[in-house]
Each structure stands twice: as C-alpha cells, then as structure tokens.
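Undergrad: Take a look at this one; I'll ask things after.
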Protein chains: 2
Amino acid sequence: MVHFECGRSDHAILKGSGAMPTWITPISMKQSQKRNLAGTVYTRLKEDIFEFRLLPGDRFTETEVALRTGVSRTPVREALFRLAREGHIEVVSRNGWHVKPLDFTLFDHLYDVRIVLELAAIDRICKMVETPALDELEAIWLAPRDQRLRDGTPVAGLDEAFHEALIAATGNPEMVRIFHDITERIRIIRRLDFTQPARIDQTYEEHARILKSILSRKQDQATLLLKTHIEISKAEVKKITLHRLYEARAQSA
Amino acid sequence: MVHFECGRSDHAILKGSGAMPTWITPISMKQSQKRNLAGTVYTRLKEDIFEFRLLPGDRFTETEVALRTGVSRTPVREALFRLAREGHIEVVSRNGWHVKPLDFTLFDHLYDVRIVLELAAIDRICKMVETPALDELEAIWLAPRDQRLRDGTPVAGLDEAFHEALIAATGNPEMVRIFHDITERIRIIRRLDFTQPARIDQTYEEHARILKSILSRKQDQATLLLKTHIEISKAEVKKITLHRLYEARAQSA
DNA sequence: GGTCACGGTCTTGTATACAAGATGGTATTC
DNA sequence: GAATACCATCTTGTATACAAGACCGTGACC
C-alpha cells in the first residue's frame, strides 16, 4: 500500500512576520453574537482550511490563532480540538498544531464508504412502497440547460446537497450525520471538481440520469450510474488537487 | 414516528450530599501517568456511563466532576466536550450537563447503519480474489463447546471484536473507525445482551454459522444470517434494557 | 389568591497565570 | 571536525479568577 502524502512541513506560515496573514482575522462583535467564541473560531478556521488559506502541512500555534482572532487561548483550544476530532488538523504534543497533509489513501477510503452508504440509500429508496418526494432535487437537476448554474462554488454546494438528500431520503438521521462528516472531510478536494465548466456540465448530466433512474425505480441502473459517477469524480478531483497544490506552493514560496 | 425516550430528569445524583458517590473518584498519580488528565477523565466518565454508575438523564456540573476527580475544570471540560461530540452526554447552555436519555429510535437507526456497513463488508470479503485470514475469529467462535466463555463481560468484548473484525477485513480503516464509533454508542445497551446464558450460547451458534458461510463464500447465506443475527440482538437488547433501567431506578430511589 | 418582577445563586463561557515537556542552537569536549 | 550535553525558548497542559446568562424562589402588587 502506497501512503501518498502531500503537505509542507518545511516552514510555518508567516510566523512572527510583520505582514498581515491571509488567513483568520480578528472576530468582530457581530460575528460572535448569538454564538460562542469557540464556535466562531471553529467555523472560521474550517473555512480557512477549505479555502486553502491554511495549506495542508502548515504549522501554527494556539497563541497565534488567539492573537489573530482576538480571543483567548481557551475558546481557541476548544475549536482546535473539534477540528482535530473531525480529522482536519493534528496536535503534536507540546509542539504545535498543523493542518493534516492531504492523504489520497485516506480519501480513497472515505470515497469508498461514501459509495457503500449511497448505494445502500438507493437500495432502500427503490424498495420503499412509494418513492419519497424528491421535488427539490428534480427542480435543480432536471431543469432545462439554460437554467443551470455555471459558477463552481454554488454548484459544489448543490452537489453535496444532492448526495446528502439521497441519504436523507432513507429517513435515517444517523446515516445522514455520518455521511455529512464524510462530506466535510472530502470537501477540501471535492470542490475543486467544479472549477472546470466541462465537469459542471457532466455533473448535471449524471445527476439527472441518476435521479431519473431512481424515480423510475430502476435500481440496478441507478446503482451503476451512481457508483460510476462517484468514481469518476474521485479520479478527476485527485488530478486537479495535485495541480492546485503545486500552484499554491509555488505562489507562497 | 414515536420518539421513545427513557431517562430521569427529576433529580440529580447525590448532589451535594455527604455520601460518597458510586461514580468517578479522585484520579491517582499512577492512573494519570503517561496520559493527560483530560484523557483520563474522559475514559473514567465513559466507563461510568457504560456501567450505569451514571444513569441516562442524570444531571451533573463541571465543578462536580472536577471536585470528584481532583482536577480543575479545564481538563474536565475537554473530556466533556469529547463525550458530547460522541453523543454520550449533552450540555444545556449555562445550565449543566446531563447523560443523554436512552432513545430507542436512535438505536434503531444506529443498528440500521451497522447492518449497512456489515453487509457491505460481507459483500467485499466474498468478492475478494482470496478470502482474508480470519484465523483468530475461527479460534474463538468455531472452538468446541467446552472452550466457550460463559461470563458475559468478556463475551461482550469478543462480540464487538467479531463484528469489527469483519469490517477490518475489508481493509478500510475509515470504515473501521466509523463502525467503532457506532459500536461505542450502542454498547450501553448491547452488552446487556450477554447477561443471559442462553443468549451467549445463541451468539456462539450464530457467529459460527456466519463465519462458516463467509469461509465457504456463500455470500447470500452469510448476508441473511448476519442481518437476522443483528436484528435478533437488537430486539433482545431493547427488552432487557427496559427491564434493567426499571431496576436501576427502583434501587436508586 | 394569582401573577409578575426582581435579585441571589448556580452554571457555563472566557481570560489569564503558571507548570512541564519538547525543540533547537550553542558551547564544550574528545 | 564531529558528537554530545546543556540551556534558553517556545508550546501545550493545567489551574484559577472573572464575566455573563439562566433558573428559582421570594416578595410585592393587582
């Protein structure tokens, strides 16, 4: 088994430099209102990781994050532990934190579990006495060509929602929760799939075909289409990620 | 959908009384060595919940736990957040913590996901070019009758290990991790299944049959047996749990 | 007698101070 | 010149002090 890791551990990001970092900035009053500071820091840091403002392998300390967000270490630590538990970052005992390097073996396994869960969902949906309402999905993915979105960011969100909706249709909230966790862990590479217009089109086509198969209760067809769809996406995303990481490194170097 | 909840929110456990509580006691030097305090508190509290020293619905505060364990609130909070994230306890904003009430709807869903994952594992194992080595399982579950364990506690552990081993045989560590999380969440009721000698025997029989089916690559048979096995266990456990909870309440009242 | 307002108390949320271990550079020794 | 021991510094781990919101009982008022 090849353990294929990507990351940079050779240097920290803007450590102690005078330049303003591109990532996390002080929390304003408005942002933290209604939610606690730990939750806000958590959300912000997660965004920073997903948006590649914090690159895989980047090292940082609790004090750094605390200073930049303008809160104390206590809520920062709470946020960091949550992110660690979800597999986004890691702590080295008394030696700082770092964003987990991209590990394609890990992503393979996660995509594999995704397939297991989604195919099980298809199975259950097709075996229900009556197919559950999937109106919202139909409105989005079976819409005429000219109503399709072209911007990658919202399409990435719709894509996640499509697959989560399939799971949700089983009526099992725990399955949804587990699936959602997986979705969040692969998001960092998955969203890159929607930076190419051709891939967006292809996603629309494939989702439409899958949806039609489910609605007409052709389980075998739906299963095959969905499995292929996920595997194509996985391969595509892997290719793009390697390219993007190379670019990001070149830019920050 | 009937939301069937069991718990007691009417009174806290030994709150402020002079009597020594049955649950969590001060952490000794030896226990905390090599691990951090938060981890120790986490483990101890989880045990207390599993052993019914802390009953579903029981309320408690961070200060209480801190006093009893002899550590400060900081590591206690870290432990509590971990337990909360794993679904064992819950915090009510600025109003204390409580052990999550038993929710059989939730357990139904978790058992359902269990079935999905285990059947997928069977599928993958049976489709492998060569069946992976399951020597340890064979040694335990295909052993002669007189070598069977009779004490429920170790059998409960072996049972968990049996099902986790099936998942592990797929070679997907993420699936194992997810499965393990589910195992921990249903453990509180599942281990009660092994308090009856008849159920221990039945488990041995069923595991043996499942194992033989897998080894002879009879996928359909293995699938059916495993599915039935899990569903029987689920029903049995539900029955016992309600009985035990009744007893525990009567005793503490 | 019932209802609403108010304040004390309890609980979590957050900030800060201190402790202990890990790292890396430097000086010393062979 | 290389290796090793040591110390300064940095980082997390833990304890404690303080802040803010929620709950509950009490008292006044209608």
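Residues in the structure tokens are named by chain (A, B, ... in the order shown) and by number from 1 within that chain; ligands are numbered from 1 in the order shown.
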Enumerate the residues of region 10-210 of chain A with a DSSP assignment of strand (DSSP E or B), computed from the backbone, and present them as a PyMOL selection string.
TA: chain A and resi 59-60+89-91+97-99+102-103
Undergrad: Any chance you could export the current selection's N, CA, C and O atoms as an mmCIF file, in the first residue's frame?
TA:
```cif
data_model
loop_
_atom_site.group_PDB
_atom_site.id
_atom_site.type_symbol
_atom_site.label_atom_id
_atom_site.label_comp_id
_atom_site.auth_asym_id
_atom_site.auth_seq_id
_atom_site.Cartn_x
_atom_site.Cartn_y
_atom_site.Cartn_z
ATOM 1 N N ARG A 59 1.985 24.715 9.769
ATOM 2 C CA ARG A 59 2.025 24.630 11.231
ATOM 3 C C ARG A 59 1.573 25.942 11.849
ATOM 4 O O ARG A 59 1.739 27.013 11.275
ATOM 5 N N PHE A 60 0.993 25.868 13.010
ATOM 6 C CA PHE A 60 0.556 27.063 13.730
ATOM 7 C C PHE A 60 0.416 26.741 15.207
ATOM 8 O O PHE A 60 0.359 25.576 15.586
ATOM 9 N N ILE A 89 -7.138 18.777 11.475
ATOM 10 C CA ILE A 89 -5.835 19.203 11.978
ATOM 11 C C ILE A 89 -5.318 18.176 12.986
ATOM 12 O O ILE A 89 -6.030 17.235 13.356
ATOM 13 N N GLU A 90 -4.099 18.386 13.433
ATOM 14 C CA GLU A 90 -3.471 17.456 14.365
ATOM 15 C C GLU A 90 -2.604 18.238 15.336
ATOM 16 O O GLU A 90 -2.066 19.283 14.986
ATOM 17 N N VAL A 91 -2.480 17.724 16.551
ATOM 18 C CA VAL A 91 -1.600 18.374 17.513
ATOM 19 C C VAL A 91 -0.423 17.452 17.800
ATOM 20 O O VAL A 91 -0.597 16.233 17.931
ATOM 21 N N TRP A 97 0.445 22.801 16.399
ATOM 22 C CA TRP A 97 -0.573 22.145 15.579
ATOM 23 C C TRP A 97 -0.188 22.237 14.110
ATOM 24 O O TRP A 97 0.629 23.065 13.726
ATOM 25 N N HIS A 98 -0.791 21.393 13.301
ATOM 26 C CA HIS A 98 -0.609 21.547 11.860
ATOM 27 C C HIS A 98 -1.818 20.993 11.118
ATOM 28 O O HIS A 98 -2.503 20.083 11.595
ATOM 29 N N VAL A 99 -2.078 21.594 9.958
ATOM 30 C CA VAL A 99 -3.136 21.101 9.096
ATOM 31 C C VAL A 99 -2.711 19.740 8.561
ATOM 32 O O VAL A 99 -1.573 19.581 8.127
ATOM 33 N N LEU A 102 -2.619 16.269 2.920
ATOM 34 C CA LEU A 102 -3.571 15.535 2.094
ATOM 35 C C LEU A 102 -3.080 14.100 1.939
ATOM 36 O O LEU A 102 -1.927 13.862 1.611
ATOM 37 N N ASP A 103 -3.961 13.172 2.174
ATOM 38 C CA ASP A 103 -3.595 11.767 2.124
ATOM 39 C C ASP A 103 -4.589 11.068 1.198
ATOM 40 O O ASP A 103 -5.732 10.807 1.572
#
```
Undergrad: Which residues are near region 12-15 of chain C? Cut-off 9 Å, only C-alpha atoms (C1' of nucleotides), ignore same chain within fewer than 2 positions. Put them as a ChimeraX atom specification.
TA: /A:36-37,71-75 /B:61-62,92-96 /D:17-21
Undergrad: Keeping N, CA, C and O atoms (P, O5', C5', C4', C3', O3' and C1' of nucleotides) for every residue in the selection just given, could you write it to a file as a PDB file, in the first residue's frame?
TA:
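Output (out_12.pdb):
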```pdb
ATOM      1  N   ASN A  36     -21.095  31.231  20.555  1.00  0.00           N
ATOM      2  CA  ASN A  36     -19.950  31.435  21.434  1.00  0.00           C
ATOM      3  C   ASN A  36     -18.666  31.581  20.617  1.00  0.00           C
ATOM      4  O   ASN A  36     -18.612  31.250  19.446  1.00  0.00           O
ATOM      5  N   LEU A  37     -17.648  32.093  21.257  1.00  0.00           N
ATOM      6  CA  LEU A  37     -16.402  32.380  20.570  1.00  0.00           C
ATOM      7  C   LEU A  37     -15.781  31.121  19.990  1.00  0.00           C
ATOM      8  O   LEU A  37     -15.282  31.116  18.873  1.00  0.00           O
ATOM      9  N   VAL A  71      -9.206  36.556  20.594  1.00  0.00           N
ATOM     10  CA  VAL A  71      -9.799  35.914  21.771  1.00  0.00           C
ATOM     11  C   VAL A  71      -8.699  35.184  22.523  1.00  0.00           C
ATOM     12  O   VAL A  71      -7.566  35.114  22.058  1.00  0.00           O
ATOM     13  N   SER A  72      -9.031  34.639  23.674  1.00  0.00           N
ATOM     14  CA  SER A  72      -8.005  33.971  24.473  1.00  0.00           C
ATOM     15  C   SER A  72      -7.783  32.547  23.978  1.00  0.00           C
ATOM     16  O   SER A  72      -8.489  32.058  23.094  1.00  0.00           O
ATOM     17  N   ARG A  73      -6.811  31.888  24.549  1.00  0.00           N
ATOM     18  CA  ARG A  73      -6.485  30.534  24.109  1.00  0.00           C
ATOM     19  C   ARG A  73      -7.593  29.540  24.431  1.00  0.00           C
ATOM     20  O   ARG A  73      -7.721  28.524  23.750  1.00  0.00           O
ATOM     21  N   THR A  74      -8.373  29.811  25.449  1.00  0.00           N
ATOM     22  CA  THR A  74      -9.388  28.837  25.877  1.00  0.00           C
ATOM     23  C   THR A  74     -10.377  28.472  24.764  1.00  0.00           C
ATOM     24  O   THR A  74     -10.493  27.294  24.409  1.00  0.00           O
ATOM     25  N   PRO A  75     -11.101  29.449  24.213  1.00  0.00           N
ATOM     26  CA  PRO A  75     -12.018  29.068  23.128  1.00  0.00           C
ATOM     27  C   PRO A  75     -11.281  28.563  21.888  1.00  0.00           C
ATOM     28  O   PRO A  75     -11.810  27.721  21.160  1.00  0.00           O
TER      29      PRO A  75
ATOM     30  N   THR B  61     -22.603  18.791  36.981  1.00  0.00           N
ATOM     31  CA  THR B  61     -21.931  20.022  36.570  1.00  0.00           C
ATOM     32  C   THR B  61     -20.436  19.779  36.428  1.00  0.00           C
ATOM     33  O   THR B  61     -19.897  18.798  36.941  1.00  0.00           O
ATOM     34  N   GLU B  62     -19.795  20.693  35.744  1.00  0.00           N
ATOM     35  CA  GLU B  62     -18.353  20.600  35.539  1.00  0.00           C
ATOM     36  C   GLU B  62     -17.620  20.632  36.875  1.00  0.00           C
ATOM     37  O   GLU B  62     -16.674  19.882  37.097  1.00  0.00           O
ATOM     38  N   VAL B  92     -26.601  21.839  28.393  1.00  0.00           N
ATOM     39  CA  VAL B  92     -27.643  22.842  28.224  1.00  0.00           C
ATOM     40  C   VAL B  92     -26.991  24.176  28.567  1.00  0.00           C
ATOM     41  O   VAL B  92     -26.431  24.319  29.651  1.00  0.00           O
ATOM     42  N   SER B  93     -27.068  25.109  27.642  1.00  0.00           N
ATOM     43  CA  SER B  93     -26.321  26.352  27.777  1.00  0.00           C
ATOM     44  C   SER B  93     -26.444  26.960  29.180  1.00  0.00           C
ATOM     45  O   SER B  93     -27.523  27.336  29.617  1.00  0.00           O
ATOM     46  N   ARG B  94     -25.344  27.060  29.833  1.00  0.00           N
ATOM     47  CA  ARG B  94     -25.248  27.655  31.173  1.00  0.00           C
ATOM     48  C   ARG B  94     -26.202  27.024  32.179  1.00  0.00           C
ATOM     49  O   ARG B  94     -26.654  27.668  33.110  1.00  0.00           O
ATOM     50  N   ASN B  95     -26.518  25.768  31.948  1.00  0.00           N
ATOM     51  CA  ASN B  95     -27.434  25.116  32.872  1.00  0.00           C
ATOM     52  C   ASN B  95     -27.067  23.644  33.102  1.00  0.00           C
ATOM     53  O   ASN B  95     -27.936  22.799  33.281  1.00  0.00           O
ATOM     54  N   GLY B  96     -25.778  23.342  33.045  1.00  0.00           N
ATOM     55  CA  GLY B  96     -25.344  21.998  33.395  1.00  0.00           C
ATOM     56  C   GLY B  96     -25.388  20.959  32.285  1.00  0.00           C
ATOM     57  O   GLY B  96     -25.868  21.225  31.185  1.00  0.00           O
TER      58      GLY B  96
ATOM     59  P    DA D  17      -8.237  31.676  42.452  1.00  0.00           P
ATOM     60  O5'  DA D  17      -8.619  33.062  41.760  1.00  0.00           O
ATOM     61  C5'  DA D  17      -7.631  33.744  40.975  1.00  0.00           C
ATOM     62  C4'  DA D  17      -8.311  34.622  39.934  1.00  0.00           C
ATOM     63  C3'  DA D  17      -9.573  35.323  40.439  1.00  0.00           C
ATOM     64  O3'  DA D  17      -9.572  36.667  39.983  1.00  0.00           O
ATOM     65  C1'  DA D  17     -10.081  34.077  38.512  1.00  0.00           C
ATOM     66  P    DC D  18     -10.614  37.727  40.642  1.00  0.00           P
ATOM     67  O5'  DC D  18     -11.565  38.036  39.394  1.00  0.00           O
ATOM     68  C5'  DC D  18     -10.972  38.351  38.124  1.00  0.00           C
ATOM     69  C4'  DC D  18     -11.982  38.149  37.029  1.00  0.00           C
ATOM     70  C3'  DC D  18     -13.349  38.830  37.278  1.00  0.00           C
ATOM     71  O3'  DC D  18     -13.625  39.659  36.173  1.00  0.00           O
ATOM     72  C1'  DC D  18     -13.629  36.636  36.476  1.00  0.00           C
ATOM     73  P    DA D  19     -14.899  40.676  36.233  1.00  0.00           P
ATOM     74  O5'  DA D  19     -15.826  40.087  35.073  1.00  0.00           O
ATOM     75  C5'  DA D  19     -15.249  39.763  33.811  1.00  0.00           C
ATOM     76  C4'  DA D  19     -16.304  39.203  32.870  1.00  0.00           C
ATOM     77  C3'  DA D  19     -17.679  39.868  32.966  1.00  0.00           C
ATOM     78  O3'  DA D  19     -18.213  39.976  31.662  1.00  0.00           O
ATOM     79  C1'  DA D  19     -17.886  37.562  33.422  1.00  0.00           C
ATOM     80  P    DA D  20     -19.440  40.928  31.371  1.00  0.00           P
ATOM     81  O5'  DA D  20     -20.562  39.888  30.956  1.00  0.00           O
ATOM     82  C5'  DA D  20     -20.272  38.901  29.965  1.00  0.00           C
ATOM     83  C4'  DA D  20     -21.350  37.842  29.957  1.00  0.00           C
ATOM     84  C3'  DA D  20     -22.781  38.379  30.086  1.00  0.00           C
ATOM     85  O3'  DA D  20     -23.616  37.640  29.238  1.00  0.00           O
ATOM     86  C1'  DA D  20     -22.398  36.779  31.739  1.00  0.00           C
ATOM     87  P    DG D  21     -24.946  38.306  28.674  1.00  0.00           P
ATOM     88  O5'  DG D  21     -25.975  37.081  28.693  1.00  0.00           O
ATOM     89  C5'  DG D  21     -25.591  35.829  28.150  1.00  0.00           C
ATOM     90  C4'  DG D  21     -26.151  34.704  28.996  1.00  0.00           C
ATOM     91  C3'  DG D  21     -27.670  34.771  29.231  1.00  0.00           C
ATOM     92  O3'  DG D  21     -28.217  33.522  28.881  1.00  0.00           O
ATOM     93  C1'  DG D  21     -26.541  34.403  31.258  1.00  0.00           C
TER      94       DG D  21
END
```
Undergrad: Please check the contacts: residues of chain A at most 9 Å away from chain B, using only C-alpha atoms, listed as a ChimeraX atom specification.
TA: /A:74,78,81-82,85,106,109-110,112-113,116-117,120,171-175,178
Undergrad: How would the residues just chosen look if you wrote them out with N, CA and C atoms as a PDB file, in the first residue's frame?
TA:
```pdb
ATOM      1  N   THR A  74      -8.373  29.811  25.449  1.00  0.00           N
ATOM      2  CA  THR A  74      -9.388  28.837  25.877  1.00  0.00           C
ATOM      3  C   THR A  74     -10.377  28.472  24.764  1.00  0.00           C
ATOM      4  N   GLU A  78     -10.665  24.926  22.322  1.00  0.00           N
ATOM      5  CA  GLU A  78     -11.910  24.180  22.133  1.00  0.00           C
ATOM      6  C   GLU A  78     -12.180  23.968  20.641  1.00  0.00           C
ATOM      7  N   PHE A  81      -9.652  21.433  19.125  1.00  0.00           N
ATOM      8  CA  PHE A  81      -9.944  20.036  19.457  1.00  0.00           C
ATOM      9  C   PHE A  81     -11.086  19.502  18.604  1.00  0.00           C
ATOM     10  N   ARG A  82     -12.065  20.360  18.343  1.00  0.00           N
ATOM     11  CA  ARG A  82     -13.164  19.925  17.471  1.00  0.00           C
ATOM     12  C   ARG A  82     -12.645  19.607  16.072  1.00  0.00           C
ATOM     13  N   ARG A  85     -10.724  16.387  16.116  1.00  0.00           N
ATOM     14  CA  ARG A  85     -11.614  15.231  16.196  1.00  0.00           C
ATOM     15  C   ARG A  85     -12.214  14.913  14.814  1.00  0.00           C
ATOM     16  N   LEU A 106      -6.307   7.972   2.304  1.00  0.00           N
ATOM     17  CA  LEU A 106      -7.436   8.271   3.182  1.00  0.00           C
ATOM     18  C   LEU A 106      -8.668   8.638   2.374  1.00  0.00           C
ATOM     19  N   HIS A 109     -10.398   5.744   0.860  1.00  0.00           N
ATOM     20  CA  HIS A 109     -11.214   5.015   1.827  1.00  0.00           C
ATOM     21  C   HIS A 109     -12.521   5.737   2.126  1.00  0.00           C
ATOM     22  N   LEU A 110     -12.430   7.061   2.221  1.00  0.00           N
ATOM     23  CA  LEU A 110     -13.646   7.823   2.505  1.00  0.00           C
ATOM     24  C   LEU A 110     -14.627   7.753   1.329  1.00  0.00           C
ATOM     25  N   ASP A 112     -14.831   5.370  -0.642  1.00  0.00           N
ATOM     26  CA  ASP A 112     -15.319   4.004  -0.607  1.00  0.00           C
ATOM     27  C   ASP A 112     -16.515   3.883   0.347  1.00  0.00           C
ATOM     28  N   VAL A 113     -16.388   4.468   1.504  1.00  0.00           N
ATOM     29  CA  VAL A 113     -17.507   4.440   2.459  1.00  0.00           C
ATOM     30  C   VAL A 113     -18.695   5.198   1.891  1.00  0.00           C
ATOM     31  N   VAL A 116     -20.554   2.938  -0.335  1.00  0.00           N
ATOM     32  CA  VAL A 116     -21.324   1.975   0.460  1.00  0.00           C
ATOM     33  C   VAL A 116     -22.630   2.601   0.936  1.00  0.00           C
ATOM     34  N   LEU A 117     -22.527   3.797   1.523  1.00  0.00           N
ATOM     35  CA  LEU A 117     -23.713   4.435   2.087  1.00  0.00           C
ATOM     36  C   LEU A 117     -24.704   4.864   1.009  1.00  0.00           C
ATOM     37  N   ALA A 120     -26.471   1.900  -0.529  1.00  0.00           N
ATOM     38  CA  ALA A 120     -27.451   1.384   0.435  1.00  0.00           C
ATOM     39  C   ALA A 120     -28.695   2.270   0.428  1.00  0.00           C
ATOM     40  N   GLY A 171     -34.513   8.311   5.575  1.00  0.00           N
ATOM     41  CA  GLY A 171     -35.165   8.608   6.847  1.00  0.00           C
ATOM     42  C   GLY A 171     -34.322   8.241   8.055  1.00  0.00           C
ATOM     43  N   ASN A 172     -33.034   8.037   7.832  1.00  0.00           N
ATOM     44  CA  ASN A 172     -32.143   7.676   8.936  1.00  0.00           C
ATOM     45  C   ASN A 172     -31.199   8.838   9.270  1.00  0.00           C
ATOM     46  N   PRO A 173     -31.493   9.586  10.329  1.00  0.00           N
ATOM     47  CA  PRO A 173     -30.697  10.775  10.662  1.00  0.00           C
ATOM     48  C   PRO A 173     -29.249  10.442  11.017  1.00  0.00           C
ATOM     49  N   GLU A 174     -29.021   9.270  11.580  1.00  0.00           N
ATOM     50  CA  GLU A 174     -27.654   8.892  11.934  1.00  0.00           C
ATOM     51  C   GLU A 174     -26.818   8.660  10.687  1.00  0.00           C
ATOM     52  N   MET A 175     -27.431   8.027   9.713  1.00  0.00           N
ATOM     53  CA  MET A 175     -26.746   7.807   8.442  1.00  0.00           C
ATOM     54  C   MET A 175     -26.417   9.163   7.819  1.00  0.00           C
ATOM     55  N   ILE A 178     -23.398  10.712   9.773  1.00  0.00           N
ATOM     56  CA  ILE A 178     -22.147  10.059   9.392  1.00  0.00           C
ATOM     57  C   ILE A 178     -21.732  10.469   7.982  1.00  0.00           C
TER      58      ILE A 178
END
```
Undergrad: Give me, as an MDAnalysis selection string, all polymer residues having an atom no more than 12 Å from DG27 (chain D), counting only C-alpha atoms (C1' of nucleotides) and skipping those fewer than 6 positions away in the same chain.
TA: chainID C and resid 3:7
Undergrad: Could you please select, counting only C-alpha atoms (C1' of nucleotides), the residues of chain D within 12 Å of chain B and state them as a count of residues only?
TA: 9
Undergrad: Residues near Lys238 (chain A), anyone? I mean within 9 Å using only C-alpha atoms (C1' of nucleotides), not counting same-chain ones fewer than 5 positions away, as a PyMOL selection string.
TA: chain A and resi 104+189-190+193+233+243
Undergrad: How many Å lie between CA of Asp48 (chain B) and CA of Leu80 (chain B), rounded to one decimal?
TA: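 Atom-to-atom, CA of Asp48 (chain B) to CA of Leu80 (chain B), that is 12.9 Å.
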Undergrad: Restricting the calculation to only C-alpha atoms, which member of A:His229, A:Arg191, A:Arg53, A:Lys218 is positioned closest to Thr241 (chain A)?
TA: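 Among the listed residues, the smallest separation from Thr241 (chain A) belongs to A:Arg191.
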Undergrad: Write out as a PyMOL selection string each polymer residue whose atoms come within 10 Å of Leu215 (chain A), counting only C-alpha atoms (C1' of nucleotides); drop sequence neighbours fewer than 3 positions from it.
TA: chain A and resi 125-126+131-134+138+209-212+218-219+222
Undergrad: Please produce a file of the residues just selected, as a PDB file, in the first residue's frame, where the atoms kept are C-alpha atoms.
TA:
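Output contents, as saved in again.pdb:
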```pdb
ATOM      1  CA  ILE A 125     -35.302   4.132  -1.607  1.00  0.00           C
ATOM      2  CA  CYS A 126     -36.088   1.797  -4.506  1.00  0.00           C
ATOM      3  CA  THR A 131     -40.754   6.640  -3.741  1.00  0.00           C
ATOM      4  CA  PRO A 132     -40.194   9.609  -1.392  1.00  0.00           C
ATOM      5  CA  ALA A 133     -40.659  13.126  -2.721  1.00  0.00           C
ATOM      6  CA  LEU A 134     -37.502  14.402  -4.368  1.00  0.00           C
ATOM      7  CA  GLU A 138     -35.776  17.453  -9.606  1.00  0.00           C
ATOM      8  CA  ARG A 209     -29.624  10.350 -15.157  1.00  0.00           C
ATOM      9  CA  ILE A 210     -29.293   9.042 -11.594  1.00  0.00           C
ATOM     10  CA  LEU A 211     -32.399  10.906 -10.495  1.00  0.00           C
ATOM     11  CA  LYS A 212     -34.437   9.609 -13.434  1.00  0.00           C
ATOM     12  CA  LYS A 218     -34.549   1.116 -11.939  1.00  0.00           C
ATOM     13  CA  GLN A 219     -32.353   0.161  -9.019  1.00  0.00           C
ATOM     14  CA  ALA A 222     -29.232   3.815 -10.590  1.00  0.00           C
TER      15      ALA A 222
END
```
Undergrad: Name all residues at most 6 Å from Lys100 (chain A) (count only C-alpha atoms (C1' of nucleotides); drop same-chain ones fewer than 5 positions away) and give them as a PyMOL selection string.
TA: chain A and resi 56-57+88-89
Undergrad: Please compute the CA of Ile140 (chain A)-CA of Glu164 (chain A) distance, one decimal, in Å.
TA: 14.3 Å
